[in-house]
file protein24.txt (compact mmCIF, C-alpha atoms)
# COMPACT_ATOMS: atom_id res chain seq x y z
CA GLN A 56 52.99 -35.82 -24.72
CA VAL A 57 54.78 -36.22 -21.39
CA GLN A 58 54.70 -33.23 -19.06
CA LEU A 59 56.31 -32.75 -15.65
CA VAL A 60 55.22 -30.27 -12.97
CA ASP A 61 57.55 -29.67 -10.01
CA SER A 62 56.32 -28.49 -6.62
CA GLY A 63 57.07 -28.63 -2.91
CA GLY A 64 59.95 -26.22 -2.60
CA GLY A 65 60.21 -23.65 0.13
CA LEU A 66 62.26 -22.20 2.94
CA VAL A 67 63.60 -24.54 5.62
CA GLN A 68 66.19 -24.32 8.38
CA ALA A 69 69.39 -26.30 8.24
CA GLY A 70 68.78 -29.82 9.50
CA GLY A 71 65.19 -29.81 8.34
CA SER A 72 63.42 -31.84 5.67
CA LEU A 73 61.43 -31.22 2.52
CA ARG A 74 59.69 -33.47 0.03
CA LEU A 75 59.54 -32.31 -3.57
CA SER A 76 56.98 -33.66 -6.01
CA CYS A 77 57.06 -34.10 -9.76
CA ALA A 78 53.63 -34.82 -11.21
CA THR A 79 53.78 -36.60 -14.52
CA SER A 80 51.19 -36.71 -17.26
CA GLY A 81 51.13 -38.45 -20.59
CA THR A 82 51.95 -42.00 -21.56
CA ILE A 83 55.33 -43.48 -20.67
CA VAL A 84 56.17 -46.67 -22.55
CA GLY A 85 59.21 -48.79 -21.81
CA PRO A 86 62.11 -48.46 -19.39
CA PHE A 87 62.78 -45.00 -18.04
CA VAL A 88 65.02 -43.11 -15.65
CA VAL A 89 63.70 -40.41 -13.33
CA GLY A 90 65.98 -38.01 -11.61
CA TRP A 91 66.47 -34.66 -9.97
CA TYR A 92 68.93 -31.94 -10.83
CA ARG A 93 69.59 -28.61 -9.17
CA GLN A 94 71.01 -25.26 -10.07
CA ALA A 95 72.36 -22.86 -7.49
CA PRO A 96 72.79 -19.14 -8.27
CA GLY A 97 75.80 -18.56 -10.48
CA LYS A 98 76.44 -22.26 -10.94
CA GLN A 99 75.73 -24.85 -13.61
CA ARG A 100 72.90 -27.32 -13.26
CA GLU A 101 74.13 -30.45 -11.51
CA TRP A 102 72.80 -33.96 -11.21
CA VAL A 103 71.56 -34.97 -7.75
CA ILE A 104 69.90 -38.39 -7.88
CA SER A 105 68.43 -40.87 -10.37
CA GLN A 106 66.25 -43.95 -10.22
CA THR A 107 65.58 -46.48 -12.98
CA SER A 108 62.17 -47.99 -13.63
CA HIS A 109 63.55 -51.13 -11.97
CA GLY A 110 64.17 -49.20 -8.76
CA TYR A 111 67.96 -48.86 -8.92
CA THR A 112 69.01 -45.55 -7.40
CA THR A 113 72.24 -43.60 -7.76
CA TYR A 114 73.25 -40.55 -5.74
CA ALA A 115 75.62 -37.65 -6.01
CA ASP A 116 78.18 -37.85 -3.20
CA SER A 117 76.95 -34.55 -1.77
CA VAL A 118 73.49 -35.97 -1.02
CA LYS A 119 74.20 -39.62 -0.29
CA GLY A 120 72.57 -40.66 2.98
CA ARG A 121 70.30 -37.60 3.01
CA PHE A 122 68.21 -37.66 -0.20
CA THR A 123 66.03 -40.46 -1.54
CA ILE A 124 63.40 -41.06 -4.20
CA PRO A 125 60.48 -42.79 -2.46
CA ARG A 126 58.56 -45.15 -4.71
CA ASP A 127 55.11 -43.97 -5.73
CA THR A 128 52.60 -46.78 -5.93
CA THR A 129 50.43 -44.79 -8.31
CA LYS A 130 53.45 -44.36 -10.60
CA THR A 131 52.36 -40.89 -11.63
CA THR A 132 54.40 -38.80 -9.21
CA VAL A 133 58.13 -38.73 -8.58
CA TYR A 134 59.24 -37.54 -5.15
CA LEU A 135 62.50 -36.28 -3.77
CA GLN A 136 62.77 -36.71 -0.02
CA MET A 137 65.44 -34.42 1.37
CA ASN A 138 66.58 -34.82 4.98
CA ASN A 139 69.22 -33.08 7.04
CA LEU A 140 69.26 -30.16 4.62
CA LYS A 141 72.29 -27.89 4.48
CA PRO A 142 72.63 -24.28 3.27
CA GLU A 143 74.63 -25.57 0.30
CA ASP A 144 71.52 -27.46 -0.84
CA THR A 145 69.92 -24.13 -1.71
CA ALA A 146 69.02 -24.23 -5.42
CA VAL A 147 66.24 -24.57 -7.94
CA TYR A 148 65.43 -28.27 -8.21
CA TYR A 149 64.31 -29.81 -11.51
CA CYS A 150 62.68 -33.14 -12.15
CA ASN A 151 64.00 -35.06 -15.16
CA LEU A 152 62.58 -38.02 -17.05
CA ARG A 153 64.42 -39.96 -19.74
CA VAL A 154 62.54 -42.45 -21.88
CA GLY A 155 64.64 -43.90 -24.66
CA ARG A 156 66.05 -40.92 -26.54
CA ASP A 157 63.45 -38.51 -25.18
CA GLU A 158 64.14 -36.26 -22.22
CA HIS A 159 61.66 -34.17 -20.28
CA TRP A 160 62.09 -31.50 -17.60
CA GLY A 161 59.93 -29.95 -14.96
CA GLN A 162 59.84 -26.19 -14.57
CA GLY A 163 61.77 -26.24 -11.31
CA THR A 164 60.99 -25.44 -7.69
CA GLN A 165 63.06 -23.25 -5.36
CA VAL A 166 64.57 -24.73 -2.21
CA THR A 167 66.19 -22.35 0.26
CA VAL A 168 67.98 -23.62 3.35
CA SER A 169 68.83 -21.08 6.03
CA ALA A 170 71.76 -21.51 8.39
call {"tool": "encode", "arguments": {"input": "protein24.txt", "output": "structure tokens"}}
result
Amino acid sequence: QVQLVDSGGGLVQAGGSLRLSCATSGTIVGPFVVGWYRQAPGKQREWVISQTSHGYTTYADSVKGRFTIPRDTTKTTVYLQMNNLKPEDTAVYYCNLRVGRDEHWGQGTQVTVSA
């Protein structure tokens, strides 16, 4: 059974950087898509960034040029590198993994960006 554990959140000043981690366990067979979503207080969960198992990455307009998913050579951890953070990036961030029809979520990690 696939499990995801999110970590790396914290408090950072505007303009700073954070790297979130999503540790995966279990067997993943076939093509997959990893991604990150976020949910700010009082708002719906929104998609942030996705990367296919072939390395193709798509970005929400709000994070383009600032967020990336660095490749992990061990292929067991998914990262979210966040640069030039803004107060509006404050949210709980969730890792997401889609394999075929199956979808898995991390438990979320809080990111707070102060002005």
call {"tool": "closest_residue", "arguments": {"input": "protein24.txt", "among": "A:Gly90, A:Gly155, A:Gly110, A:Gly97", "to": "Leu75 of chain A", "atoms": "all atoms listed in the file"}}
result
A:Gly90
call {"tool": "residues_around", "arguments": {"input": "protein24.txt", "residues": "Arg156 of chain A", "least_positions_apart": "5", "cutoff": "12 Å", "atoms": "only C-alpha atoms", "output": "MDAnalysis selection string"}}
result
chainID A and resid 85:88
call {"tool": "closest_residue", "arguments": {"input": "protein24.txt", "among": "A:Asn138, A:Thr123, A:Ser76, A:Thr82", "to": "Ser62 of chain A", "atoms": "all atoms listed in the file"}}
result
A:Ser76
call {"tool": "atom_distance", "arguments": {"input": "protein24.txt", "atom1": "atom CA of Tyr149 of chain A", "atom2": "atom CA of Asp61 of chain A"}}
result
6.9 Å
call {"tool": "residues_around", "arguments": {"input": "protein24.txt", "residues": "Val89 of chain A", "least_positions_apart": "6", "cutoff": "8 Å", "atoms": "only C-alpha atoms", "output": "list in words"}}
result
Ser105, Gln106, Thr107, Ser108, Val133, Cys150, Asn151, Leu152 and Arg153 of chain A
call {"tool": "write_last_selection", "arguments": {"input": "protein24.txt", "atoms": "C-alpha atoms", "output": "mmCIF file, keeping the file's coordinate frame"}}
result
data_model
loop_
_atom_site.group_PDB
_atom_site.id
_atom_site.type_symbol
_atom_site.label_atom_id
_atom_site.label_comp_id
_atom_site.auth_asym_id
_atom_site.auth_seq_id
_atom_site.Cartn_x
_atom_site.Cartn_y
_atom_site.Cartn_z
ATOM 1 C CA SER A 105 68.430 -40.870 -10.370
ATOM 2 C CA GLN A 106 66.250 -43.950 -10.220
ATOM 3 C CA THR A 107 65.580 -46.480 -12.980
ATOM 4 C CA SER A 108 62.170 -47.990 -13.630
ATOM 5 C CA VAL A 133 58.130 -38.730 -8.580
ATOM 6 C CA CYS A 150 62.680 -33.140 -12.150
ATOM 7 C CA ASN A 151 64.000 -35.060 -15.160
ATOM 8 C CA LEU A 152 62.580 -38.020 -17.050
ATOM 9 C CA ARG A 153 64.420 -39.960 -19.740
#
call {"tool": "residues_around", "arguments": {"input": "protein24.txt", "residues": "Thr132 of chain A", "least_positions_apart": "6", "cutoff": "6 Å", "atoms": "all atoms listed in the file", "output": "list in words"}}
result
Cys77, Ala78 and Thr79 of chain A
call {"tool": "closest_residue", "arguments": {"input": "protein24.txt", "among": "A:Ser72, A:Gln94, A:Ser117, A:Ser169", "to": "Leu135 of chain A", "atoms": "all atoms listed in the file"}}
result
A:Ser72
call {"tool": "residues_around", "arguments": {"input": "protein24.txt", "residues": "segment 144-146 of chain A", "least_positions_apart": "3", "cutoff": "8 Å", "atoms": "only C-alpha atoms", "output": "PDB file with C-alpha atoms, in the frame of the given file"}}
result
ATOM      1  CA  ARG A  93      69.590 -28.610  -9.170  1.00  0.00           C
ATOM      2  CA  GLN A  94      71.010 -25.260 -10.070  1.00  0.00           C
ATOM      3  CA  ALA A  95      72.360 -22.860  -7.490  1.00  0.00           C
ATOM      4  CA  PRO A  96      72.790 -19.140  -8.270  1.00  0.00           C
ATOM      5  CA  LEU A 140      69.260 -30.160   4.620  1.00  0.00           C
ATOM      6  CA  LYS A 141      72.290 -27.890   4.480  1.00  0.00           C
ATOM      7  CA  GLN A 165      63.060 -23.250  -5.360  1.00  0.00           C
ATOM      8  CA  VAL A 166      64.570 -24.730  -2.210  1.00  0.00           C
ATOM      9  CA  THR A 167      66.190 -22.350   0.260  1.00  0.00           C
ATOM     10  CA  VAL A 168      67.980 -23.620   3.350  1.00  0.00           C
TER      11      VAL A 168
END
call {"tool": "closest_residue", "arguments": {"input": "protein24.txt", "among": "A:Thr112, A:Thr164, A:Ile83, A:Trp91", "to": "Lys130 of chain A", "atoms": "all atoms listed in the file"}}
result
A:Ile83
call {"tool": "decode", "arguments": {"input": "protein24.txt", "residues": "chain A", "atoms": "C-alpha atoms", "output": "PDB file, in the first residue's frame"}}
result
ATOM      1  CA  GLN A  56       0.000   0.000   0.000  1.00  0.00           C
ATOM      2  CA  VAL A  57       1.368   3.398  -1.004  1.00  0.00           C
ATOM      3  CA  GLN A  58       1.760   5.953   1.776  1.00  0.00           C
ATOM      4  CA  LEU A  59       2.933   9.564   1.620  1.00  0.00           C
ATOM      5  CA  VAL A  60       4.383  11.589   4.503  1.00  0.00           C
ATOM      6  CA  ASP A  61       4.761  15.355   4.060  1.00  0.00           C
ATOM      7  CA  SER A  62       7.329  17.411   5.947  1.00  0.00           C
ATOM      8  CA  GLY A  63       9.472  20.528   5.725  1.00  0.00           C
ATOM      9  CA  GLY A  64       6.954  23.263   6.345  1.00  0.00           C
ATOM     10  CA  GLY A  65       7.600  26.187   8.621  1.00  0.00           C
ATOM     11  CA  LEU A  66       7.683  29.936   9.031  1.00  0.00           C
ATOM     12  CA  VAL A  67       9.685  31.990   6.545  1.00  0.00           C
ATOM     13  CA  GLN A  68       9.927  35.660   5.623  1.00  0.00           C
ATOM     14  CA  ALA A  69       8.741  36.929   2.278  1.00  0.00           C
ATOM     15  CA  GLY A  70      11.434  36.410  -0.333  1.00  0.00           C
ATOM     16  CA  GLY A  71      12.785  33.349   1.423  1.00  0.00           C
ATOM     17  CA  SER A  72      12.866  29.702   0.383  1.00  0.00           C
ATOM     18  CA  LEU A  73      11.644  26.376   1.684  1.00  0.00           C
ATOM     19  CA  ARG A  74      11.924  22.815   0.464  1.00  0.00           C
ATOM     20  CA  LEU A  75       9.070  20.460   1.257  1.00  0.00           C
ATOM     21  CA  SER A  76       9.500  16.698   1.225  1.00  0.00           C
ATOM     22  CA  CYS A  77       7.071  13.893   0.530  1.00  0.00           C
ATOM     23  CA  ALA A  78       8.435  10.507   1.544  1.00  0.00           C
ATOM     24  CA  THR A  79       6.819   7.656  -0.310  1.00  0.00           C
ATOM     25  CA  SER A  80       6.552   4.033   0.717  1.00  0.00           C
ATOM     26  CA  GLY A  81       5.028   1.047  -0.999  1.00  0.00           C
ATOM     27  CA  THR A  82       5.343  -0.224  -4.531  1.00  0.00           C
ATOM     28  CA  ILE A  83       4.549   2.058  -7.455  1.00  0.00           C
ATOM     29  CA  VAL A  84       4.088   0.249 -10.757  1.00  0.00           C
ATOM     30  CA  GLY A  85       3.654   2.016 -14.064  1.00  0.00           C
ATOM     31  CA  PRO A  86       3.428   5.668 -15.082  1.00  0.00           C
ATOM     32  CA  PHE A  87       2.510   8.111 -12.351  1.00  0.00           C
ATOM     33  CA  VAL A  88       2.018  11.796 -11.690  1.00  0.00           C
ATOM     34  CA  VAL A  89       3.267  13.486  -8.531  1.00  0.00           C
ATOM     35  CA  GLY A  90       2.078  16.871  -7.510  1.00  0.00           C
ATOM     36  CA  TRP A  91       1.520  19.378  -4.765  1.00  0.00           C
ATOM     37  CA  TYR A  92      -1.680  21.103  -3.749  1.00  0.00           C
ATOM     38  CA  ARG A  93      -2.319  23.720  -1.107  1.00  0.00           C
ATOM     39  CA  GLN A  94      -5.185  24.964   0.972  1.00  0.00           C
ATOM     40  CA  ALA A  95      -5.231  28.393   2.539  1.00  0.00           C
ATOM     41  CA  PRO A  96      -7.563  29.223   5.449  1.00  0.00           C
ATOM     42  CA  GLY A  97     -11.119  29.651   4.248  1.00  0.00           C
ATOM     43  CA  LYS A  98     -10.285  28.588   0.712  1.00  0.00           C
ATOM     44  CA  GLN A  99     -10.605  25.426  -1.336  1.00  0.00           C
ATOM     45  CA  ARG A 100      -7.649  23.189  -1.990  1.00  0.00           C
ATOM     46  CA  GLU A 101      -5.879  24.267  -5.169  1.00  0.00           C
ATOM     47  CA  TRP A 102      -3.422  22.599  -7.486  1.00  0.00           C
ATOM     48  CA  VAL A 103       0.112  24.033  -7.453  1.00  0.00           C
ATOM     49  CA  ILE A 104       2.445  21.884  -9.545  1.00  0.00           C
ATOM     50  CA  SER A 105       2.649  18.413 -11.114  1.00  0.00           C
ATOM     51  CA  GLN A 106       5.343  16.249 -12.640  1.00  0.00           C
ATOM     52  CA  THR A 107       4.912  13.062 -14.665  1.00  0.00           C
ATOM     53  CA  SER A 108       7.133  10.027 -14.272  1.00  0.00           C
ATOM     54  CA  HIS A 109       8.750  11.133 -17.543  1.00  0.00           C
ATOM     55  CA  GLY A 110       9.765  14.431 -15.966  1.00  0.00           C
ATOM     56  CA  TYR A 111       7.245  16.751 -17.620  1.00  0.00           C
ATOM     57  CA  THR A 112       6.275  19.507 -15.199  1.00  0.00           C
ATOM     58  CA  THR A 113       3.285  21.834 -15.200  1.00  0.00           C
ATOM     59  CA  TYR A 114       2.796  24.845 -12.951  1.00  0.00           C
ATOM     60  CA  ALA A 115      -0.018  26.996 -11.695  1.00  0.00           C
ATOM     61  CA  ASP A 116       0.449  30.559 -12.956  1.00  0.00           C
ATOM     62  CA  SER A 117       0.799  31.833  -9.395  1.00  0.00           C
ATOM     63  CA  VAL A 118       3.968  29.811  -8.788  1.00  0.00           C
ATOM     64  CA  LYS A 119       5.564  29.675 -12.226  1.00  0.00           C
ATOM     65  CA  GLY A 120       9.209  30.721 -12.045  1.00  0.00           C
ATOM     66  CA  ARG A 121       9.318  30.275  -8.266  1.00  0.00           C
ATOM     67  CA  PHE A 122       8.404  26.638  -7.492  1.00  0.00           C
ATOM     68  CA  THR A 123       9.957  23.470  -8.885  1.00  0.00           C
ATOM     69  CA  ILE A 124       9.965  19.730  -8.256  1.00  0.00           C
ATOM     70  CA  PRO A 125      13.620  18.665  -8.122  1.00  0.00           C
ATOM     71  CA  ARG A 126      14.222  15.129  -9.336  1.00  0.00           C
ATOM     72  CA  ASP A 127      15.094  12.620  -6.643  1.00  0.00           C
ATOM     73  CA  THR A 128      17.630  10.074  -7.789  1.00  0.00           C
ATOM     74  CA  THR A 129      16.481   7.609  -5.154  1.00  0.00           C
ATOM     75  CA  LYS A 130      12.928   7.935  -6.497  1.00  0.00           C
ATOM     76  CA  THR A 131      11.431   7.575  -3.046  1.00  0.00           C
ATOM     77  CA  THR A 132      10.993  11.220  -2.105  1.00  0.00           C
ATOM     78  CA  VAL A 133       9.163  14.006  -3.895  1.00  0.00           C
ATOM     79  CA  TYR A 134      10.343  17.538  -3.188  1.00  0.00           C
ATOM     80  CA  LEU A 135       8.808  20.940  -3.666  1.00  0.00           C
ATOM     81  CA  GLN A 136      11.394  23.698  -3.894  1.00  0.00           C
ATOM     82  CA  MET A 137       9.789  27.051  -3.183  1.00  0.00           C
ATOM     83  CA  ASN A 138      11.738  30.248  -3.841  1.00  0.00           C
ATOM     84  CA  ASN A 139      10.835  33.905  -3.534  1.00  0.00           C
ATOM     85  CA  LEU A 140       7.953  33.058  -1.235  1.00  0.00           C
ATOM     86  CA  LYS A 141       5.091  35.511  -0.843  1.00  0.00           C
ATOM     87  CA  PRO A 142       2.562  35.941   1.988  1.00  0.00           C
ATOM     88  CA  GLU A 143      -0.136  34.631  -0.353  1.00  0.00           C
ATOM     89  CA  ASP A 144       1.738  31.309  -0.482  1.00  0.00           C
ATOM     90  CA  THR A 145       0.710  30.699   3.126  1.00  0.00           C
ATOM     91  CA  ALA A 146      -1.238  27.418   3.222  1.00  0.00           C
ATOM     92  CA  VAL A 147      -1.154  23.772   4.153  1.00  0.00           C
ATOM     93  CA  TYR A 148       0.683  21.952   1.379  1.00  0.00           C
ATOM     94  CA  TYR A 149      -0.258  18.406   0.377  1.00  0.00           C
ATOM     95  CA  CYS A 150       1.664  15.917  -1.695  1.00  0.00           C
ATOM     96  CA  ASN A 151      -0.383  13.969  -4.237  1.00  0.00           C
ATOM     97  CA  LEU A 152       0.407  10.823  -6.192  1.00  0.00           C
ATOM     98  CA  ARG A 153      -1.729   9.416  -8.990  1.00  0.00           C
ATOM     99  CA  VAL A 154      -1.031   5.942 -10.336  1.00  0.00           C
ATOM    100  CA  GLY A 155      -3.588   4.783 -12.849  1.00  0.00           C
ATOM    101  CA  ARG A 156      -6.960   5.196 -11.159  1.00  0.00           C
ATOM    102  CA  ASP A 157      -5.472   5.306  -7.664  1.00  0.00           C
ATOM    103  CA  GLU A 158      -4.804   8.563  -5.866  1.00  0.00           C
ATOM    104  CA  HIS A 159      -2.851   9.075  -2.667  1.00  0.00           C
ATOM    105  CA  TRP A 160      -2.392  12.093  -0.391  1.00  0.00           C
ATOM    106  CA  GLY A 161       0.069  13.152   2.228  1.00  0.00           C
ATOM    107  CA  GLN A 162      -1.174  14.513   5.527  1.00  0.00           C
ATOM    108  CA  GLY A 163      -0.082  18.058   4.747  1.00  0.00           C
ATOM    109  CA  THR A 164       2.529  20.450   6.103  1.00  0.00           C
ATOM    110  CA  GLN A 165       1.970  24.082   7.097  1.00  0.00           C
ATOM    111  CA  VAL A 166       3.836  26.853   5.304  1.00  0.00           C
ATOM    112  CA  THR A 167       3.555  30.363   6.704  1.00  0.00           C
ATOM    113  CA  VAL A 168       5.127  33.333   4.926  1.00  0.00           C
ATOM    114  CA  SER A 169       5.388  36.571   6.877  1.00  0.00           C
ATOM    115  CA  ALA A 170       5.429  39.958   5.197  1.00  0.00           C
TER     116      ALA A 170
END
